[in-house]
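J.: Pasting protein00.cif below, which is mmCIF, C-alpha atoms.
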```cif
data_input
#
loop_
_atom_site.label_atom_id
_atom_site.label_comp_id
_atom_site.auth_asym_id
_atom_site.auth_seq_id
_atom_site.Cartn_x
_atom_site.Cartn_y
_atom_site.Cartn_z
CA MET A 1 -165.34 -251.57 34.50
CA SER A 2 -166.79 -249.30 37.20
CA GLU A 3 -164.78 -246.55 38.87
CA GLU A 4 -164.65 -248.45 42.17
CA GLU A 5 -163.46 -251.64 40.45
CA SER A 6 -160.82 -249.89 38.39
CA ASN A 7 -159.41 -248.16 41.47
CA ALA A 8 -159.78 -251.12 43.82
CA ASN A 9 -156.03 -251.78 43.99
CA VAL A 10 -154.90 -248.15 44.17
CA THR A 11 -154.51 -246.43 47.53
CA PHE A 12 -155.67 -242.83 47.75
CA PRO A 13 -152.76 -240.84 49.21
CA SER A 14 -153.15 -238.65 52.25
CA VAL A 15 -150.45 -236.51 53.83
CA ASP A 16 -151.05 -235.13 57.34
CA ALA A 17 -148.93 -232.42 58.97
CA ARG A 18 -146.80 -234.91 60.93
CA LEU A 19 -145.94 -236.93 57.82
CA LEU A 20 -145.26 -233.75 55.84
CA ILE A 21 -142.83 -232.42 58.48
CA ARG A 22 -141.01 -235.76 58.65
CA GLY A 23 -140.88 -235.90 54.87
CA LEU A 24 -139.53 -232.36 54.65
CA ALA A 25 -136.88 -233.23 57.25
CA ALA A 26 -135.85 -236.31 55.27
CA MET A 27 -135.73 -234.34 52.01
CA ALA A 28 -133.70 -231.58 53.72
CA VAL A 29 -131.20 -234.16 55.03
CA LEU A 30 -130.92 -235.64 51.51
CA THR A 31 -130.36 -232.19 50.00
CA GLY A 32 -127.77 -231.40 52.66
CA THR A 33 -126.02 -234.68 51.95
CA GLY A 34 -126.05 -233.96 48.25
CA PHE A 35 -124.57 -230.54 48.90
CA VAL A 36 -121.82 -231.92 51.17
CA VAL A 37 -120.91 -234.74 48.78
CA PHE A 38 -120.91 -232.33 45.83
CA MET A 39 -118.77 -229.83 47.74
CA SER A 40 -116.38 -232.60 48.81
CA PHE A 41 -115.74 -233.64 45.24
CA TYR A 42 -116.19 -230.21 43.69
CA PRO A 43 -112.46 -229.36 43.84
CA LEU A 44 -111.74 -232.49 41.82
CA ILE A 45 -114.15 -231.31 39.12
CA LEU A 46 -112.83 -227.77 39.44
CA LEU A 47 -109.23 -228.89 39.08
CA ALA A 48 -110.09 -231.10 36.12
CA LEU A 49 -112.21 -228.54 34.27
CA GLY A 50 -112.03 -225.15 35.96
CA THR A 51 -108.28 -224.75 35.92
CA LEU A 52 -108.33 -225.32 32.19
CA VAL A 53 -110.54 -222.24 31.88
CA HIS A 54 -108.82 -220.10 34.48
CA PRO A 55 -105.80 -221.22 36.60
CA SER A 56 -106.79 -219.14 39.65
CA LEU A 57 -109.97 -221.23 40.10
CA GLY A 58 -107.82 -224.11 41.32
CA GLN A 59 -106.84 -222.08 44.39
CA LEU A 60 -110.41 -222.14 45.65
CA HIS A 61 -110.45 -225.81 46.57
CA TYR A 62 -109.32 -225.33 50.20
CA ALA A 63 -112.26 -223.04 50.82
CA PHE A 64 -114.62 -225.60 49.29
CA TYR A 65 -113.25 -228.40 51.47
CA LEU A 66 -113.66 -226.29 54.58
CA SER A 67 -117.21 -225.36 53.66
CA ALA A 68 -117.96 -229.03 52.97
CA LEU A 69 -116.57 -229.98 56.38
CA PHE A 70 -118.60 -227.33 58.17
CA GLY A 71 -121.65 -228.37 56.13
CA ALA A 72 -121.15 -231.96 57.27
CA ILE A 73 -120.82 -230.91 60.93
CA VAL A 74 -124.05 -228.91 60.62
CA LEU A 75 -125.68 -231.93 59.02
CA VAL A 76 -124.66 -234.24 61.88
CA ILE A 77 -125.95 -231.74 64.46
CA SER A 78 -129.18 -231.42 62.46
CA TYR A 79 -129.43 -235.20 62.48
CA PHE A 80 -129.26 -235.38 66.27
CA ILE A 81 -131.86 -232.63 66.60
CA GLY A 82 -133.97 -234.39 63.99
CA ARG A 83 -133.62 -237.75 65.72
CA PHE A 84 -134.66 -236.21 69.01
CA ILE A 85 -137.81 -234.77 67.40
CA PHE A 86 -138.62 -237.40 64.77
CA SER A 87 -137.58 -240.76 66.16
CA GLY A 88 -138.43 -243.91 64.23
CA LEU A 89 -139.36 -243.22 60.64
CA PHE A 90 -136.14 -241.76 59.27
CA ALA A 91 -133.76 -242.21 62.19
CA SER A 92 -131.55 -245.01 60.81
CA PHE A 93 -131.82 -243.59 57.30
CA ALA A 94 -130.71 -240.16 58.48
CA ARG A 95 -127.92 -241.69 60.56
CA ARG A 96 -126.43 -243.51 57.61
CA ILE A 97 -126.43 -240.56 55.25
CA ALA A 98 -125.30 -238.07 57.90
CA ILE A 99 -122.34 -240.25 58.94
CA GLY A 100 -121.53 -240.93 55.28
CA SER A 101 -121.44 -237.24 54.46
CA PHE A 102 -119.38 -236.47 57.51
CA LEU A 103 -116.80 -239.15 56.66
CA THR A 104 -116.66 -238.00 53.05
CA ALA A 105 -116.08 -234.39 53.96
CA LEU A 106 -113.62 -235.24 56.75
CA SER A 107 -111.56 -237.57 54.58
CA ALA A 108 -111.62 -235.10 51.68
CA TRP A 109 -110.44 -232.36 54.02
CA LEU A 110 -107.67 -234.53 55.52
CA VAL A 111 -106.50 -235.60 52.08
CA THR A 112 -106.33 -231.98 51.01
CA MET A 113 -104.18 -231.19 54.01
CA LEU A 114 -101.93 -234.19 53.28
CA GLY A 115 -101.57 -233.68 49.55
CA PRO A 116 -103.43 -233.36 46.28
CA THR A 117 -104.68 -236.92 46.11
CA TYR A 118 -108.33 -237.81 46.33
CA LEU A 119 -107.91 -241.56 46.46
CA VAL A 120 -108.37 -241.91 50.23
CA ALA A 121 -111.63 -239.91 50.16
CA VAL A 122 -113.01 -242.08 47.40
CA VAL A 123 -111.93 -245.32 49.15
CA VAL A 124 -113.42 -244.25 52.51
CA TYR A 125 -116.67 -243.25 50.86
CA ALA A 126 -116.86 -246.45 48.81
CA ALA A 127 -116.15 -248.54 51.93
CA PHE A 128 -118.87 -246.72 53.82
CA VAL A 129 -121.39 -247.22 51.03
CA ALA A 130 -120.49 -250.94 50.86
CA LEU A 131 -120.88 -251.33 54.65
CA SER A 132 -124.20 -249.46 54.58
CA ALA A 133 -125.46 -251.64 51.76
CA ARG A 134 -124.50 -254.78 53.72
CA ASP A 135 -126.14 -253.37 56.83
CA ALA A 136 -129.32 -252.55 54.90
CA ALA A 137 -129.40 -256.03 53.39
CA THR A 138 -129.07 -257.81 56.73
CA ARG A 139 -131.33 -255.59 58.80
CA ARG A 140 -134.66 -254.59 57.29
CA GLU A 141 -135.53 -250.98 57.99
CA PRO A 142 -139.01 -250.01 59.23
CA ASN A 143 -140.88 -248.46 56.33
CA VAL B 1 -190.92 -226.97 45.76
CA VAL B 2 -189.39 -225.46 42.66
CA ASP B 3 -185.80 -226.52 42.01
CA ASN B 4 -183.47 -223.70 41.12
CA PRO B 5 -181.75 -224.42 37.82
CA ALA B 6 -177.99 -225.03 38.17
CA PRO B 7 -175.87 -222.11 36.96
CA SER B 8 -174.59 -222.59 33.46
CA THR B 9 -170.95 -223.59 33.26
CA SER B 10 -170.70 -223.44 29.50
CA GLY B 11 -169.43 -220.54 27.41
CA TRP B 12 -165.97 -219.15 26.82
CA PRO B 13 -165.35 -217.49 30.23
CA PHE B 14 -165.81 -220.81 31.99
CA THR B 15 -163.56 -222.68 29.56
CA ILE B 16 -160.75 -220.27 30.48
CA ILE B 17 -161.50 -219.45 34.11
CA ALA B 18 -162.40 -222.94 35.33
CA PRO B 19 -159.01 -224.59 34.47
CA VAL B 20 -157.12 -221.59 35.90
CA LEU B 21 -159.11 -221.78 39.14
CA ASN B 22 -158.51 -225.54 39.20
CA TRP B 23 -154.76 -224.94 38.89
CA LEU B 24 -154.82 -222.30 41.67
CA ARG B 25 -156.70 -224.79 43.86
CA SER B 26 -154.12 -227.48 43.09
CA LEU B 27 -151.32 -225.18 44.32
CA PHE B 28 -152.86 -225.23 47.78
CA ALA B 29 -154.11 -228.83 47.77
CA PRO B 30 -151.78 -230.85 45.52
CA VAL B 31 -152.43 -234.18 47.23
CA ALA B 32 -156.19 -233.69 46.74
CA ILE B 33 -155.48 -233.30 43.02
CA VAL B 34 -153.64 -236.65 42.98
CA ARG B 35 -156.61 -238.26 44.78
CA GLU B 36 -158.98 -236.68 42.26
CA CYS B 37 -156.91 -237.99 39.33
CA ILE B 38 -156.87 -241.52 40.75
CA LYS B 39 -160.59 -241.36 41.50
CA ASN B 40 -161.20 -240.44 37.84
CA ASN B 41 -158.81 -243.21 36.75
CA LEU B 42 -156.57 -240.74 34.90
CA GLN B 43 -153.53 -243.00 35.37
CA GLU B 44 -154.99 -244.85 32.39
CA ASP B 45 -156.10 -241.75 30.50
CA MET B 46 -153.04 -239.62 29.82
CA PRO B 47 -154.67 -237.20 27.31
CA THR B 48 -157.23 -236.15 29.93
CA LEU B 49 -154.52 -235.87 32.62
CA PHE B 50 -152.41 -233.64 30.36
CA GLY B 51 -155.41 -231.60 29.17
CA ASN B 52 -157.03 -231.05 32.57
CA TYR B 53 -154.02 -230.72 34.86
CA TRP B 54 -150.83 -230.10 32.84
CA ALA B 55 -152.08 -227.65 30.17
CA VAL B 56 -152.66 -224.61 32.41
CA PRO B 57 -149.20 -224.76 34.11
CA GLY B 58 -147.69 -225.19 30.61
CA MET B 59 -149.57 -222.11 29.38
CA ALA B 60 -148.49 -220.16 32.49
CA ILE B 61 -144.84 -220.97 31.66
CA LEU B 62 -145.47 -219.86 28.07
CA ALA B 63 -147.04 -216.59 29.28
CA THR B 64 -143.96 -215.95 31.46
CA ASN B 65 -141.75 -216.48 28.41
CA ALA B 66 -143.95 -214.10 26.41
CA VAL B 67 -143.48 -211.34 29.02
CA VAL B 68 -139.67 -211.79 29.00
CA LEU B 69 -139.51 -211.89 25.19
CA HIS B 70 -141.69 -208.75 24.91
CA GLN B 71 -138.93 -206.81 26.72
CA PHE B 72 -136.57 -207.67 23.83
CA GLY B 73 -138.89 -206.88 20.94
CA ILE B 74 -140.15 -210.40 20.24
CA GLU B 75 -143.94 -210.77 20.22
CA LEU B 76 -144.62 -214.40 21.00
CA LYS B 77 -148.38 -214.13 20.41
CA SER B 78 -147.99 -212.82 16.87
CA ASP B 79 -145.87 -215.72 15.58
CA PRO B 80 -147.54 -219.17 15.55
CA VAL B 81 -144.25 -220.93 14.70
CA LEU B 82 -142.50 -219.35 17.67
CA ILE B 83 -145.45 -220.22 19.94
CA ALA B 84 -145.27 -223.82 18.72
CA LEU B 85 -141.50 -223.97 19.32
CA TYR B 86 -141.77 -222.52 22.82
CA LEU B 87 -144.74 -224.75 23.68
CA PHE B 88 -142.79 -227.76 22.41
CA VAL B 89 -139.76 -226.88 24.59
CA ALA B 90 -141.99 -226.30 27.67
CA CYS B 91 -143.81 -229.63 27.13
CA MET B 92 -140.54 -231.47 26.50
CA ARG B 93 -139.14 -230.14 29.77
CA LEU B 94 -142.12 -231.46 31.77
CA VAL B 95 -142.16 -234.80 29.91
CA PHE B 96 -138.37 -235.34 30.16
CA GLU B 97 -138.38 -234.59 33.87
CA ALA B 98 -141.27 -236.98 34.46
CA TYR B 99 -139.46 -239.74 32.57
CA VAL B 100 -136.23 -239.07 34.49
CA LEU B 101 -138.22 -239.85 37.66
CA ILE B 102 -139.64 -243.03 36.09
CA VAL B 103 -136.12 -244.15 35.07
CA VAL B 104 -134.64 -243.42 38.52
CA LEU B 105 -137.49 -245.32 40.22
CA GLY B 106 -136.76 -248.21 37.87
CA LEU B 107 -133.02 -248.09 38.63
CA LEU B 108 -133.81 -248.33 42.36
CA LYS B 109 -136.05 -251.35 41.57
CA LEU B 110 -139.23 -249.59 42.67
CA ARG B 111 -142.01 -251.04 40.61
CA VAL B 112 -144.65 -248.34 40.30
CA PRO B 113 -146.91 -248.20 37.20
CA GLN B 114 -145.92 -245.35 34.87
CA GLY B 115 -149.43 -243.90 34.87
CA LEU B 116 -149.43 -243.57 38.65
CA VAL B 117 -145.98 -241.93 38.61
CA LEU B 118 -147.23 -239.40 36.05
CA VAL B 119 -150.31 -238.72 38.20
CA CYS B 120 -148.04 -238.10 41.23
CA TYR B 121 -145.69 -236.02 39.05
CA THR B 122 -148.67 -233.68 38.47
CA ILE B 123 -147.65 -232.12 41.82
CA ALA B 124 -144.33 -231.01 40.29
CA VAL B 125 -146.16 -229.78 37.18
CA VAL B 126 -148.56 -227.55 39.13
CA TYR B 127 -145.59 -225.94 40.88
CA ALA B 128 -143.57 -225.56 37.63
CA PRO B 129 -144.82 -222.00 36.86
CA LEU B 130 -143.47 -220.85 40.26
CA PHE B 131 -139.97 -221.93 39.16
CA SER B 132 -140.56 -220.13 35.89
CA TRP B 133 -141.46 -216.90 37.72
CA LEU B 134 -138.51 -217.24 40.09
CA SER B 135 -136.16 -217.60 37.12
CA ILE B 136 -137.35 -214.36 35.44
CA PRO B 137 -134.32 -212.29 36.66
CA ALA B 138 -131.87 -214.94 35.41
CA SER B 139 -133.81 -215.24 32.17
CA LEU B 140 -133.75 -211.47 31.64
CA HIS B 141 -129.97 -211.49 32.15
CA GLN B 142 -129.55 -214.28 29.57
CA HIS B 143 -131.61 -212.28 27.08
CA VAL B 144 -129.54 -209.15 27.76
CA ILE B 145 -126.45 -211.18 26.81
CA LEU B 146 -128.18 -212.50 23.67
CA SER B 147 -129.25 -208.99 22.74
CA PHE B 148 -125.66 -207.73 23.20
CA ILE B 149 -124.29 -210.50 20.96
CA LYS B 150 -127.01 -209.89 18.35
CA SER B 151 -126.07 -206.21 18.24
CA HIS B 152 -122.62 -207.34 16.99
CA ASN B 153 -124.26 -209.01 13.94
CA VAL B 154 -123.33 -212.53 15.04
CA GLU B 155 -125.09 -215.43 13.27
CA ALA B 156 -126.86 -218.14 15.30
CA GLY B 157 -124.26 -220.72 14.25
CA GLU B 158 -121.44 -218.62 15.73
CA LEU B 159 -123.26 -217.84 18.99
CA ALA B 160 -121.39 -220.31 21.23
CA SER B 161 -117.93 -219.59 19.81
CA TYR B 162 -118.49 -215.80 20.01
CA PHE B 163 -119.70 -216.11 23.61
CA PHE B 164 -116.67 -218.10 24.82
CA LYS B 165 -114.18 -215.95 22.86
CA ASN B 166 -115.55 -212.64 24.20
CA ILE B 167 -116.74 -213.71 27.66
CA ASP B 168 -114.79 -210.95 29.47
CA GLU B 169 -116.15 -208.17 27.26
CA ILE B 170 -119.72 -209.56 27.51
CA THR B 171 -119.49 -209.74 31.33
CA ARG B 172 -118.21 -206.15 31.46
CA SER B 173 -120.94 -204.84 29.17
CA THR B 174 -123.94 -206.76 30.53
CA GLY B 175 -123.26 -206.49 34.25
CA PRO B 176 -123.06 -209.14 36.97
CA ALA B 177 -124.40 -212.61 36.19
CA PHE B 178 -126.54 -212.80 39.32
CA PRO B 179 -129.49 -210.50 39.96
CA LYS B 180 -129.64 -208.45 43.15
CA TYR B 181 -131.74 -210.93 45.12
CA TRP B 182 -130.26 -214.14 43.71
CA ALA B 183 -129.67 -215.69 47.17
CA GLU B 184 -133.28 -215.09 48.25
CA ILE B 185 -134.53 -216.41 44.90
CA GLY B 186 -132.35 -219.51 45.35
CA VAL B 187 -133.79 -220.16 48.81
CA ALA B 188 -137.36 -219.70 47.53
CA ASN B 189 -136.60 -222.09 44.66
CA TRP B 190 -135.18 -224.64 47.09
CA CYS B 191 -138.26 -224.39 49.37
CA VAL B 192 -140.68 -224.97 46.49
CA ASN B 193 -138.52 -227.87 45.29
CA LEU B 194 -138.45 -229.36 48.78
CA ILE B 195 -142.23 -229.16 49.26
CA SER B 196 -143.11 -230.51 45.81
CA GLY B 197 -140.49 -233.29 46.13
CA THR B 198 -141.74 -234.35 49.55
CA LEU B 199 -145.39 -234.41 48.51
CA MET B 200 -144.53 -236.31 45.34
CA ALA B 201 -142.45 -238.86 47.26
CA GLU B 202 -145.24 -239.40 49.80
CA CYS B 203 -147.84 -239.89 47.07
CA ILE B 204 -145.64 -242.36 45.15
CA THR B 205 -144.93 -244.27 48.38
CA GLN B 206 -148.60 -244.60 49.28
CA VAL B 207 -149.99 -245.10 45.79
CA GLY B 208 -147.29 -247.52 44.64
CA LYS B 209 -147.05 -249.31 48.03
CA VAL B 210 -143.25 -249.21 47.89
CA GLY B 211 -140.45 -248.47 50.40
CA ARG B 212 -140.62 -244.87 51.62
CA GLN B 213 -136.87 -244.33 52.07
CA ARG B 214 -135.97 -245.51 48.57
CA VAL B 215 -138.73 -243.37 47.04
CA TYR B 216 -137.34 -240.30 48.80
CA VAL B 217 -133.85 -241.11 47.49
CA ALA B 218 -135.30 -241.66 43.98
CA VAL B 219 -137.17 -238.34 43.98
CA PHE B 220 -134.08 -236.51 45.24
CA LEU B 221 -131.83 -238.14 42.62
CA ALA B 222 -134.39 -237.36 39.89
CA GLN B 223 -134.43 -233.71 40.98
CA VAL B 224 -130.62 -233.64 40.69
CA ALA B 225 -130.67 -235.44 37.32
CA ASP B 226 -133.29 -232.97 36.01
CA VAL B 227 -130.47 -230.46 35.69
CA ILE B 228 -129.34 -232.16 32.45
CA PRO B 229 -132.60 -231.85 30.44
CA THR B 230 -133.18 -228.40 31.93
CA VAL B 231 -129.78 -227.11 30.77
CA VAL B 232 -130.10 -228.73 27.31
CA LEU B 233 -133.62 -227.36 26.73
CA THR B 234 -132.63 -223.90 28.03
CA VAL B 235 -129.78 -223.81 25.50
CA VAL B 236 -132.21 -224.87 22.72
CA GLN B 237 -134.67 -222.17 23.82
CA LEU B 238 -131.93 -219.52 23.85
CA PHE B 239 -130.89 -220.48 20.30
CA ILE B 240 -134.52 -220.16 19.14
CA THR B 241 -134.81 -216.75 20.84
CA PHE B 242 -131.52 -215.60 19.32
CA SER B 243 -132.73 -216.55 15.83
CA TYR B 244 -135.90 -214.48 16.28
CA MET B 245 -134.24 -211.53 18.03
CA PRO B 246 -134.30 -208.34 15.91
CA GLY B 247 -130.83 -207.05 14.97
CA THR B 248 -129.73 -203.46 15.18
#
```
The structure given in the file should be rewritten as structure tokens.

T.:
Amino acid sequence: MSEEESNANVTFPSVDARLLIRGLAAMAVLTGTGFVVFMSFYPLILLALGTLVHPSLGQLHYAFYLSALFGAIVLVISYFIGRFIFSGLFASFARRIAIGSFLTALSAWLVTMLGPTYLVAVVVYAAFVALSARDAATRREPN
Amino acid sequence: VVDNPAPSTSGWPFTIIAPVLNWLRSLFAPVAIVRECIKNNLQEDMPTLFGNYWAVPGMAILATNAVVLHQFGIELKSDPVLIALYLFVACMRLVFEAYVLIVVLGLLKLRVPQGLVLVCYTIAVVYAPLFSWLSIPASLHQHVILSFIKSHNVEAGELASYFFKNIDEITRSTGPAFPKYWAEIGVANWCVNLISGTLMAECITQVGKVGRQRVYVAVFLAQVADVIPTVVLTVVQLFITFSYMPGT
């Protein structure tokens, strides 16, 4: 088999500056989301594990919720800036994950204020993921 | 017209310098390296892919380890068994992380041939030594702790239990866990991760002809999941180092 034949079905990748910037923006939004989601649920992990090691660690969870909330607000603002600059490719994708992170952090923060139960945060997040999945299934995103 | 003979590219300097230069070139043009691999059909020739593109970053990681170990009286180059163990751990780290990506792509129902994923993963491999260099301060601190424990005549089997029992004393004696510039190092680490992840995701999207958004999510999730093999292999490596560390 010649080289051309063997590679006939494989596309040679090329990444221009515009695609790279959009990709970096998408990756940054994903990382930010990961951070916010992790921070939102971090107190749960901390309370489950950390307090066993050292009881004073459990007192940190309010600070983590606040930082998660501020992180989510920054993420939503970043999304609007990002959407203004990079419309199209990642707009709906960024919207879904930014709103999801914001709701997660907000609900986690509210639950912390109301009492030490994390059920509402988990339910809100699960509902959002289910709605997003249904939305994605019914409306095909531009690739 | 007399043709000038082509310069000779055989001999030992070229066998060492050429792959190193190739790796340095790949740092600045990683997508070109993926194109080159596909052009040479390396997605179906893993030994050549590993030999030509993965070996030099692996050796660079090994050299970084050798420099750190030298500070604690362990000469990596003088012990073939230790070299083999360290090389094995470094290779396992790269291979495990590549297969984590393949598994995550599979879980998200993205059907990309394994060979092509490994070719695209070469981007992460060429950047791997940068992570190794950025982790030198943390690595030095871990070895300081090991050295402190070794000085108390602790056996390798008792390492974990001794560490958790005496964590306060160890922290007091070995100083703060984070080096002076840990925040800057973290940001640099994150930037390298972001660039390599983005380039890898773009290459997988284009080469595999699959949905861009799901590939980005897969690459991000794989980067998060890589924490598990990294932590496990770091612990294994620390146990090996502890066994070879000279006592007082």

J.: Which is closest to chain A among B:Gln206, B:Ser243, B:Ser151, B:Gln237, if we use only C-alpha atoms?

T.: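 Selected residue with least distance to chain A: B:Gln206.
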
J.: Show me, as a Markdown table, the residues of chain A having an atom within 7 Å of chain B, each with the closest atom pair and its distance in Å, using only C-alpha atoms.

T.:
```
| residue | atom | partner | partner_atom | distance |
| --- | --- | --- | --- | --- |
| A:Asn7 | CA | B:Asn41 | CA | 6.9 |
| A:Val10 | CA | B:Val207 | CA | 6.0 |
| A:Thr11 | CA | B:Val207 | CA | 5.0 |
| A:Phe12 | CA | B:Arg35 | CA | 5.5 |
| A:Pro13 | CA | B:Cys203 | CA | 5.4 |
| A:Ser14 | CA | B:Val31 | CA | 6.8 |
| A:Gly23 | CA | B:Thr198 | CA | 5.6 |
| A:Leu24 | CA | B:Thr198 | CA | 5.9 |
| A:Met27 | CA | B:Thr198 | CA | 6.5 |
| A:Asn143 | CA | B:Arg212 | CA | 5.9 |
```

J.: Any idea what the distance is between CA of Ala124 (chain B) and CA of Pro30 (chain B)?

T.: 9.1 Å

J.: Leaving out Ser135 (chain B) and any residue of its chain fewer than 2 positions from it, which residues lie within 12 Å of it when counting all atoms listed in the file, given as a ChimeraX atom specification?

T.: /B:61,64-65,68,128-133,137-142,178-179,181-182,184-186,188-189,234

J.: Find, counting only C-alpha atoms, the residue in B:Val144, B:Val125, B:Leu110, B:Ala183 that gets nearest to Ile170 (chain B).

T.: B:Val144

J.: Tell me, in Å to one decimal, how far CA of Thr31 (chain A) is from CA of Val15 (chain A).

T.: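 Separation of CA of Thr31 (chain A) and CA of Val15 (chain A): 20.9 Å.
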
J.: Point out the residue among B:Arg25, B:Arg172, B:Lys77, B:His70 with the least atom-to-atom distance to Phe148 (chain B), counting all atoms listed in the file.

T.: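 Closest to Phe148 (chain B), using all atoms listed in the file: B:Arg172.
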
J.: Quick one: distance from CA of Leu30 (chain A) to CA of Gln223 (chain B) in Å, one decimal?

T.: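 That distance, rounded to one decimal, is 11.3 Å.
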
J.: Pick from B:Ile145, B:Glu155, B:Ile16, B:Tyr99: nearest to Glu169 (chain B), with all atoms listed in the file counted?

T.: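 Looking at the shortest contact to Glu169 (chain B), the residue is B:Ile145.
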